$ cat entry-v3.cif   # mmCIF, C-alpha atoms (C1' of nucleotides)
data_run
#
loop_
_atom_site.group_PDB
_atom_site.id
_atom_site.type_symbol
_atom_site.label_atom_id
_atom_site.label_comp_id
_atom_site.auth_asym_id
_atom_site.auth_seq_id
_atom_site.Cartn_x
_atom_site.Cartn_y
_atom_site.Cartn_z
ATOM 1 C CA MET A 1 -99.273 88.202 -12.481
ATOM 2 C CA GLY A 2 -103.032 88.293 -12.119
ATOM 3 C CA GLU A 3 -102.943 85.305 -9.798
ATOM 4 C CA THR A 4 -101.910 85.518 -6.214
ATOM 5 C CA THR A 5 -98.437 84.049 -6.426
ATOM 6 C CA GLU A 6 -98.440 81.098 -4.071
ATOM 7 C CA ASN A 7 -95.298 81.482 -1.984
ATOM 8 C CA GLN A 8 -93.531 78.440 -0.620
ATOM 9 C CA GLN A 9 -93.143 78.171 3.094
ATOM 10 C CA LEU A 10 -89.611 78.072 4.445
ATOM 11 C CA THR A 11 -89.894 74.930 6.517
ATOM 12 C CA PRO A 12 -87.060 73.713 8.751
ATOM 13 C CA GLU A 13 -86.385 71.015 6.205
ATOM 14 C CA HIS A 14 -85.882 73.509 3.398
ATOM 15 C CA ARG A 15 -83.858 75.789 5.576
ATOM 16 C CA GLU A 16 -81.544 72.994 6.619
ATOM 17 C CA LEU A 17 -81.011 71.961 3.021
ATOM 18 C CA LEU A 18 -80.257 75.475 1.841
ATOM 19 C CA ASP A 19 -77.898 75.929 4.774
ATOM 20 C CA GLN A 20 -75.966 72.883 3.655
ATOM 21 C CA ILE A 21 -75.519 73.857 0.033
ATOM 22 C CA LEU A 22 -75.428 77.652 0.046
ATOM 23 C CA ASP A 23 -72.760 78.187 2.654
ATOM 24 C CA LYS A 24 -69.471 79.943 2.121
ATOM 25 C CA TRP A 25 -67.378 77.024 0.863
ATOM 26 C CA SER A 26 -70.141 75.118 -0.897
ATOM 27 C CA LEU A 27 -70.885 78.047 -3.182
ATOM 28 C CA GLN A 28 -67.247 78.245 -4.166
ATOM 29 C CA VAL A 29 -66.973 74.511 -4.766
ATOM 30 C CA LEU A 30 -70.110 74.456 -6.886
ATOM 31 C CA ASP A 31 -68.857 77.497 -8.750
ATOM 32 C CA GLN A 32 -65.574 75.756 -9.503
ATOM 33 C CA LEU A 33 -67.223 72.526 -10.586
ATOM 34 C CA CYS A 34 -69.495 74.354 -12.962
ATOM 35 C CA GLY A 35 -68.537 72.892 -16.323
ATOM 36 C CA GLN A 36 -65.400 71.038 -15.275
ATOM 37 C CA SER A 37 -64.296 68.131 -13.145
ATOM 38 C CA LEU A 38 -61.578 68.889 -10.625
ATOM 39 C CA ARG A 39 -59.449 66.859 -8.280
ATOM 40 C CA PHE A 40 -59.131 67.453 -4.560
ATOM 41 C CA ASN A 41 -55.932 69.441 -4.680
ATOM 42 C CA GLU A 42 -57.007 71.316 -7.768
ATOM 43 C CA LEU A 43 -60.073 72.472 -5.893
ATOM 44 C CA ARG A 44 -57.930 73.333 -2.941
ATOM 45 C CA ARG A 45 -55.665 75.517 -5.029
ATOM 46 C CA ALA A 46 -58.613 77.070 -6.846
ATOM 47 C CA ILE A 47 -60.329 78.141 -3.643
ATOM 48 C CA PRO A 48 -58.175 80.553 -1.694
ATOM 49 C CA LEU A 49 -58.004 80.159 2.070
ATOM 50 C CA VAL A 50 -59.872 76.867 2.241
ATOM 51 C CA THR A 51 -58.218 74.318 4.486
ATOM 52 C CA GLN A 52 -57.957 70.617 3.803
ATOM 53 C CA LYS A 53 -60.409 69.906 6.562
ATOM 54 C CA SER A 54 -63.011 72.446 5.500
ATOM 55 C CA LEU A 55 -62.774 71.304 1.902
ATOM 56 C CA THR A 56 -63.207 67.665 2.880
ATOM 57 C CA THR A 57 -66.212 68.472 5.049
ATOM 58 C CA THR A 58 -67.779 70.564 2.316
ATOM 59 C CA LEU A 59 -67.235 67.942 -0.379
ATOM 60 C CA ARG A 60 -68.702 65.190 1.787
ATOM 61 C CA ARG A 61 -71.778 67.216 2.580
ATOM 62 C CA LEU A 62 -72.332 68.190 -1.037
ATOM 63 C CA GLU A 63 -71.908 64.579 -2.058
ATOM 64 C CA ARG A 64 -74.301 63.384 0.624
ATOM 65 C CA ASN A 65 -76.928 65.812 -0.606
ATOM 66 C CA GLY A 66 -76.464 64.578 -4.145
ATOM 67 C CA MET A 67 -75.058 67.843 -5.481
ATOM 68 C CA ILE A 68 -71.707 66.456 -6.622
ATOM 69 C CA GLU A 69 -70.266 63.085 -7.550
ATOM 70 C CA ARG A 70 -67.015 61.599 -6.362
ATOM 71 C CA VAL A 71 -65.264 59.511 -8.987
ATOM 72 C CA ILE A 72 -62.270 57.421 -8.025
ATOM 73 C CA VAL A 73 -59.743 57.061 -10.814
ATOM 74 C CA GLY A 74 -57.823 53.922 -9.999
ATOM 75 C CA THR A 75 -54.389 55.089 -10.985
ATOM 76 C CA ARG A 76 -51.393 54.758 -8.745
ATOM 77 C CA PRO A 77 -51.260 56.949 -5.963
ATOM 78 C CA VAL A 78 -55.007 57.269 -6.639
ATOM 79 C CA ALA A 79 -56.891 60.175 -8.082
ATOM 80 C CA VAL A 80 -60.344 61.428 -7.200
ATOM 81 C CA GLU A 81 -62.407 63.574 -9.485
ATOM 82 C CA TYR A 82 -65.272 65.701 -8.280
ATOM 83 C CA ARG A 83 -67.950 66.804 -10.666
ATOM 84 C CA ILE A 84 -71.380 68.315 -10.560
ATOM 85 C CA SER A 85 -74.300 65.854 -10.459
ATOM 86 C CA PRO A 86 -77.570 66.077 -12.391
ATOM 87 C CA ILE A 87 -79.334 67.464 -9.328
ATOM 88 C CA GLY A 88 -76.482 69.854 -8.695
ATOM 89 C CA ASN A 89 -76.738 70.995 -12.249
ATOM 90 C CA THR A 90 -80.305 72.137 -11.686
ATOM 91 C CA LEU A 91 -79.037 74.162 -8.751
ATOM 92 C CA GLN A 92 -76.374 75.780 -10.902
ATOM 93 C CA GLU A 93 -78.968 77.799 -12.764
ATOM 94 C CA LEU A 94 -80.217 79.264 -9.515
ATOM 95 C CA ILE A 95 -76.710 80.065 -8.343
ATOM 96 C CA ASP A 96 -76.037 81.753 -11.652
ATOM 97 C CA ALA A 97 -79.220 83.735 -11.155
ATOM 98 C CA LEU A 98 -77.999 84.764 -7.704
ATOM 99 C CA LEU A 99 -74.664 85.842 -9.141
ATOM 100 C CA ASP A 100 -76.364 87.811 -11.887
ATOM 101 C CA TRP A 101 -78.576 89.416 -9.291
ATOM 102 C CA SER A 102 -75.677 90.359 -7.032
ATOM 103 C CA SER A 103 -73.726 91.768 -9.968
ATOM 104 C CA GLU A 104 -76.680 93.856 -10.951
ATOM 105 C CA ARG A 105 -77.525 95.051 -7.448
ATOM 106 C CA LEU A 106 -74.075 95.396 -5.951
ATOM 107 C CA PRO A 107 -73.801 99.135 -6.693
ATOM 108 C CA ASP A 108 -77.124 99.817 -4.964
ATOM 109 C CA ILE A 109 -76.105 97.628 -2.077
ATOM 110 C CA GLN A 110 -72.749 99.320 -1.666
ATOM 111 C CA GLN A 111 -74.553 102.627 -1.644
ATOM 112 C CA ALA A 112 -76.928 101.338 1.015
ATOM 113 C CA ARG A 113 -73.944 100.205 3.078
ATOM 114 C CA ALA A 114 -72.245 103.570 2.768
ATOM 115 C CA ARG A 115 -75.399 105.364 3.842
ATOM 116 C CA PHE A 116 -75.889 103.009 6.787
ATOM 117 C CA ASP A 117 -72.279 103.356 7.882
ATOM 118 C CA ALA A 118 -72.516 107.133 7.644
ATOM 119 C CA GLU A 119 -75.695 107.349 9.681
ATOM 120 C CA HIS A 120 -74.487 105.001 12.366
ATOM 121 C CA GLY A 121 -71.158 105.026 14.122
ATOM 122 C CA MET B 1 -78.937 77.660 -25.611
ATOM 123 C CA GLY B 2 -76.908 78.038 -28.776
ATOM 124 C CA GLU B 3 -74.778 80.686 -27.150
ATOM 125 C CA THR B 4 -72.080 79.948 -24.676
ATOM 126 C CA THR B 5 -73.806 81.050 -21.511
ATOM 127 C CA GLU B 6 -71.465 83.539 -19.912
ATOM 128 C CA ASN B 7 -71.216 82.500 -16.270
ATOM 129 C CA GLN B 8 -70.584 85.091 -13.605
ATOM 130 C CA GLN B 9 -67.497 84.678 -11.508
ATOM 131 C CA LEU B 10 -67.997 84.209 -7.796
ATOM 132 C CA THR B 11 -65.720 86.949 -6.555
ATOM 133 C CA PRO B 12 -65.022 87.478 -2.859
ATOM 134 C CA GLU B 13 -67.294 90.489 -2.988
ATOM 135 C CA HIS B 14 -70.227 88.482 -4.275
ATOM 136 C CA ARG B 15 -69.533 85.668 -1.888
ATOM 137 C CA GLU B 16 -69.454 87.986 1.087
ATOM 138 C CA LEU B 17 -72.725 89.559 0.068
ATOM 139 C CA LEU B 18 -74.495 86.245 -0.409
ATOM 140 C CA ASP B 19 -73.112 85.057 2.918
ATOM 141 C CA GLN B 20 -74.694 88.037 4.605
ATOM 142 C CA ILE B 21 -78.168 87.673 3.167
ATOM 143 C CA LEU B 22 -78.594 83.932 2.620
ATOM 144 C CA ASP B 23 -77.649 82.709 6.055
ATOM 145 C CA LYS B 24 -79.893 80.771 8.390
ATOM 146 C CA TRP B 25 -81.675 83.639 10.131
ATOM 147 C CA SER B 26 -81.686 86.078 7.218
ATOM 148 C CA LEU B 27 -83.636 83.673 5.048
ATOM 149 C CA GLN B 28 -86.253 83.302 7.747
ATOM 150 C CA VAL B 29 -86.494 87.043 8.335
ATOM 151 C CA LEU B 30 -86.852 87.765 4.625
ATOM 152 C CA ASP B 31 -89.405 85.000 4.373
ATOM 153 C CA GLN B 32 -91.442 86.526 7.192
ATOM 154 C CA LEU B 33 -91.235 90.040 5.784
ATOM 155 C CA CYS B 34 -92.428 88.893 2.407
ATOM 156 C CA GLY B 35 -95.671 90.808 1.959
ATOM 157 C CA GLN B 36 -96.023 92.154 5.503
ATOM 158 C CA SER B 37 -94.374 94.522 7.909
ATOM 159 C CA LEU B 38 -93.548 93.101 11.309
ATOM 160 C CA ARG B 39 -92.292 94.475 14.571
ATOM 161 C CA PHE B 40 -89.285 93.200 16.465
ATOM 162 C CA ASN B 41 -91.132 90.970 18.873
ATOM 163 C CA GLU B 42 -93.526 89.794 16.193
ATOM 164 C CA LEU B 43 -90.536 88.606 14.183
ATOM 165 C CA ARG B 44 -89.100 87.031 17.263
ATOM 166 C CA ARG B 45 -92.249 85.061 17.916
ATOM 167 C CA ALA B 46 -92.596 84.146 14.249
ATOM 168 C CA ILE B 47 -89.119 82.688 14.023
ATOM 169 C CA PRO B 48 -88.750 79.775 16.402
ATOM 170 C CA LEU B 49 -85.500 79.480 18.349
ATOM 171 C CA VAL B 50 -84.082 82.835 17.349
ATOM 172 C CA THR B 51 -82.635 84.788 20.241
ATOM 173 C CA GLN B 52 -82.893 88.512 20.759
ATOM 174 C CA LYS B 53 -79.237 88.926 19.991
ATOM 175 C CA SER B 54 -79.243 86.892 16.805
ATOM 176 C CA LEU B 55 -82.356 88.630 15.563
ATOM 177 C CA THR B 56 -80.884 92.058 16.248
ATOM 178 C CA THR B 57 -77.658 91.157 14.484
ATOM 179 C CA THR B 58 -79.524 89.759 11.507
ATOM 180 C CA LEU B 59 -81.843 92.745 11.195
ATOM 181 C CA ARG B 60 -78.943 95.210 11.360
ATOM 182 C CA ARG B 61 -77.026 93.369 8.694
ATOM 183 C CA LEU B 62 -80.014 93.110 6.385
ATOM 184 C CA GLU B 63 -80.703 96.784 6.906
ATOM 185 C CA ARG B 64 -77.108 97.705 6.217
ATOM 186 C CA ASN B 65 -77.186 95.791 2.956
ATOM 187 C CA GLY B 66 -80.358 97.568 1.959
ATOM 188 C CA MET B 67 -82.557 94.465 2.041
ATOM 189 C CA ILE B 68 -84.985 95.710 4.665
ATOM 190 C CA GLU B 69 -86.119 99.052 6.058
ATOM 191 C CA ARG B 70 -86.462 99.992 9.683
ATOM 192 C CA VAL B 71 -89.338 102.341 10.360
ATOM 193 C CA ILE B 72 -89.677 103.953 13.746
ATOM 194 C CA VAL B 73 -93.265 104.574 14.757
ATOM 195 C CA GLY B 74 -93.078 107.344 17.312
ATOM 196 C CA THR B 75 -95.704 106.061 19.686
ATOM 197 C CA ARG B 76 -95.093 105.729 23.371
ATOM 198 C CA PRO B 77 -92.942 103.097 24.429
ATOM 199 C CA VAL B 78 -91.831 103.187 20.789
ATOM 200 C CA ALA B 79 -92.565 100.788 18.002
ATOM 201 C CA VAL B 80 -90.312 99.696 15.166
ATOM 202 C CA GLU B 81 -91.573 98.185 11.970
ATOM 203 C CA TYR B 82 -89.411 96.152 9.660
ATOM 204 C CA ARG B 83 -90.348 95.739 6.032
ATOM 205 C CA ILE B 84 -88.795 94.544 2.858
ATOM 206 C CA SER B 85 -87.046 97.202 0.743
ATOM 207 C CA PRO B 86 -87.189 97.620 -3.033
ATOM 208 C CA ILE B 87 -83.835 95.888 -3.393
ATOM 209 C CA GLY B 88 -84.873 93.165 -0.997
ATOM 210 C CA ASN B 89 -87.984 92.679 -3.033
ATOM 211 C CA THR B 90 -85.928 91.785 -6.091
ATOM 212 C CA LEU B 91 -84.170 89.184 -3.962
ATOM 213 C CA GLN B 92 -87.484 87.686 -2.877
ATOM 214 C CA GLU B 93 -88.077 86.280 -6.326
ATOM 215 C CA LEU B 94 -84.790 84.421 -6.174
ATOM 216 C CA ILE B 95 -85.511 83.087 -2.706
ATOM 217 C CA ASP B 96 -88.893 81.918 -3.913
ATOM 218 C CA ALA B 97 -87.136 80.200 -6.799
ATOM 219 C CA LEU B 98 -84.806 78.496 -4.322
ATOM 220 C CA LEU B 99 -87.755 77.339 -2.242
ATOM 221 C CA ASP B 100 -89.530 76.031 -5.313
ATOM 222 C CA TRP B 101 -86.360 74.257 -6.334
ATOM 223 C CA SER B 102 -85.875 72.652 -2.935
ATOM 224 C CA SER B 103 -89.497 71.558 -2.811
ATOM 225 C CA GLU B 104 -89.156 69.982 -6.199
ATOM 226 C CA ARG B 105 -85.807 68.313 -5.534
ATOM 227 C CA LEU B 106 -86.173 67.364 -1.895
ATOM 228 C CA PRO B 107 -87.293 63.778 -2.631
ATOM 229 C CA ASP B 108 -84.276 63.189 -4.857
ATOM 230 C CA ILE B 109 -82.021 64.741 -2.279
ATOM 231 C CA GLN B 110 -83.430 62.650 0.546
ATOM 232 C CA GLN B 111 -82.867 59.606 -1.597
ATOM 233 C CA ALA B 112 -79.273 60.682 -2.227
ATOM 234 C CA ARG B 113 -78.787 61.128 1.506
ATOM 235 C CA ALA B 114 -80.199 57.698 2.273
ATOM 236 C CA ARG B 115 -77.920 56.100 -0.304
ATOM 237 C CA PHE B 116 -74.892 57.965 1.014
ATOM 238 C CA ASP B 117 -75.673 57.046 4.607
ATOM 239 C CA ALA B 118 -76.133 53.408 3.644
ATOM 240 C CA GLU B 119 -72.863 53.201 1.731
ATOM 241 C CA HIS B 120 -70.867 54.922 4.420
ATOM 242 C CA GLY B 121 -70.912 54.223 8.122
ATOM 243 C "C1'" DC C 1 -91.230 97.764 23.303
ATOM 244 C "C1'" DA C 2 -86.853 97.339 21.363
ATOM 245 C "C1'" DG C 3 -83.047 96.967 22.151
ATOM 246 C "C1'" DT C 4 -77.614 97.119 24.496
ATOM 247 C "C1'" DA C 5 -74.062 95.037 27.589
ATOM 248 C "C1'" DT C 6 -71.698 91.010 29.719
ATOM 249 C "C1'" DC C 7 -70.299 86.768 30.491
ATOM 250 C "C1'" DC C 8 -69.648 82.217 28.935
ATOM 251 C "C1'" DC C 9 -69.699 77.825 26.556
ATOM 252 C "C1'" DG C 10 -69.769 74.658 22.692
ATOM 253 C "C1'" DA C 11 -69.298 74.039 17.922
ATOM 254 C "C1'" DA C 12 -66.727 75.195 14.031
ATOM 255 C "C1'" DT C 13 -62.211 76.137 12.289
ATOM 256 C "C1'" DG C 14 -57.214 76.032 12.012
ATOM 257 C "C1'" DA C 15 -52.609 73.788 12.655
ATOM 258 C "C1'" DT C 16 -50.067 69.809 12.694
ATOM 259 C "C1'" DA C 17 -48.908 65.082 12.120
ATOM 260 C "C1'" DC C 18 -49.709 60.786 10.092
ATOM 261 C "C1'" DT C 19 -51.545 57.107 6.367
ATOM 262 C "C1'" DG C 20 -53.455 53.999 2.392
ATOM 263 C "C1'" DC D 1 -52.591 62.204 -3.995
ATOM 264 C "C1'" DA D 2 -56.299 62.376 -0.977
ATOM 265 C "C1'" DG D 3 -57.374 62.103 2.765
ATOM 266 C "C1'" DT D 4 -57.928 60.883 8.526
ATOM 267 C "C1'" DA D 5 -56.803 61.954 13.425
ATOM 268 C "C1'" DT D 6 -55.782 64.896 17.056
ATOM 269 C "C1'" DC D 7 -55.199 68.926 19.566
ATOM 270 C "C1'" DA D 8 -55.503 74.012 20.090
ATOM 271 C "C1'" DT D 9 -58.131 78.113 19.341
ATOM 272 C "C1'" DT D 10 -61.483 81.260 18.074
ATOM 273 C "C1'" DC D 11 -65.774 83.027 17.718
ATOM 274 C "C1'" DG D 12 -70.691 83.020 16.984
ATOM 275 C "C1'" DG D 13 -74.616 82.145 19.975
ATOM 276 C "C1'" DG D 14 -77.068 81.565 24.246
ATOM 277 C "C1'" DA D 15 -78.316 83.164 28.998
ATOM 278 C "C1'" DT D 16 -78.946 86.855 31.782
ATOM 279 C "C1'" DA D 17 -79.325 91.506 33.319
ATOM 280 C "C1'" DC D 18 -80.119 96.214 32.356
ATOM 281 C "C1'" DT D 19 -81.927 100.745 29.638
ATOM 282 C "C1'" DG D 20 -84.114 104.656 26.639
#
$ encode --input "entry-v3.cif" --output "structure tokens"
Amino acid sequence: MGETTENQQLTPEHRELLDQILDKWSLQVLDQLCGQSLRFNELRRAIPLVTQKSLTTTLRRLERNGMIERVIVGTRPVAVEYRISPIGNTLQELIDALLDWSSERLPDIQQARARFDAEHG
Amino acid sequence: MGETTENQQLTPEHRELLDQILDKWSLQVLDQLCGQSLRFNELRRAIPLVTQKSLTTTLRRLERNGMIERVIVGTRPVAVEYRISPIGNTLQELIDALLDWSSERLPDIQQARARFDAEHG
DNA sequence: CAGTATCCCGAATGATACTG
DNA sequence: CAGTATCATTCGGGATACTG
């Protein structure tokens, strides 16, 4: 606390990365894969409103960034399991922190929204 | 560690909130307002590529969610200062943690990307 | 200065059909 | 089952012009 806390700069590179792993669907996928492996259609059922295409895109991007791992189970038809990776696991803690934060602050935020909506049209 | 860590659920309400404050422009605005008040055009100049419209939209949404405060300085023409709010300040720590995380993990992630890109087309 | 109001286009998303 | 391919659509963002 006595030190000047050295804040990181938000470079384009960081921003791009965070954009790719903190977006709407990615958060829900990572949330689902927290602690359990799931197959494509299991994920699809677990995440309301996601389309096949959006889910595929999201999974590919998360895999490309090393956040999740795609494991092919060579059964007939063929099964694919998705699970969190070691890197992704380190991100989980931060996402949990964000969820804790939003749980804690949501009442204040809803109040702020109500006040804003009342003051403006 | 001995306890089962009780993970928060990512409800639609939480997801919507995080979507509104962790998006591309919001992160950059919050980053800029960390530790200093800035005016509209100062923000605009500080954030490359942002348009007037996108900046306005972002600022309104952050204000509505109680993350920033809009202070009208009643000079002639009129000046408006934007600054981080108390709630927004609690979010700053988490954003800093995300930036630290991405700085730390970026090499691994770039390696994962290279491997993915090599294995796929 | 700090916006609002329009128009408009391209990227992202959805719907549908098909495949290893 | 786990996708890919294609087409249709929407919608956020950009460009531009105007205002308190």
$ closest_atom_pairs --input "entry-v3.cif" --of "chain C" --to "chain A" --cutoff "12 Å" --atoms "all atoms listed in the file" --output "tab-separated table"
residue	atom	partner	partner_atom	distance
C:DA12	C1'	A:Ser54	CA	9.7
C:DT13	C1'	A:Ser54	CA	7.8
C:DG14	C1'	A:Thr51	CA	7.8
C:DA15	C1'	A:Thr51	CA	9.9
C:DT16	C1'	A:Gln52	CA	11.9
C:DG20	C1'	A:Pro77	CA	9.1
$ interface_residues --input "entry-v3.cif" --of "chain A" --to "chain B" --cutoff "9 Å" --atoms "only C-alpha atoms" --output "PyMOL selection string"
chain A and resi 7-10+13-19+22-24+27-28+31-32+34+63-67+87+90-91+94+96-103+105-106+108-117
$ interface_residues --input "entry-v3.cif" --of "chain D" --to "chain B" --cutoff "12 Å" --atoms "all atoms listed in the file" --output "ChimeraX atom specification"
/D:12-16,20
$ resolve_selection --input "entry-v3.cif" --expression "the PyMOL selection byres ((chain B and resi 83) around 8)" --output "number ranges by chain"
B: 33, 36-38, 68-71, 81-82, 84-85
$ atom_distance --input "entry-v3.cif" --atom1 "CA of Leu59 in chain B" --atom2 "CA of Gly121 in chain A"
16.5 Å
$ closest_residue --input "entry-v3.cif" --among "A:Val29, A:Ala118, A:Val73, A:Ala79" --to "Leu55 in chain A" --atoms "only C-alpha atoms"
A:Val29
$ atom_distance --input "entry-v3.cif" --atom1 "C1' of DC7 in chain C" --atom2 "CA of Arg39 in chain B"
28.2 Å
$ resolve_selection --input "entry-v3.cif" --expression "the PyMOL selection byres ((chain D and resi 4) around 9)" --output "PyMOL selection string"
(chain C and resi 18-19) or (chain D and resi 3+5)
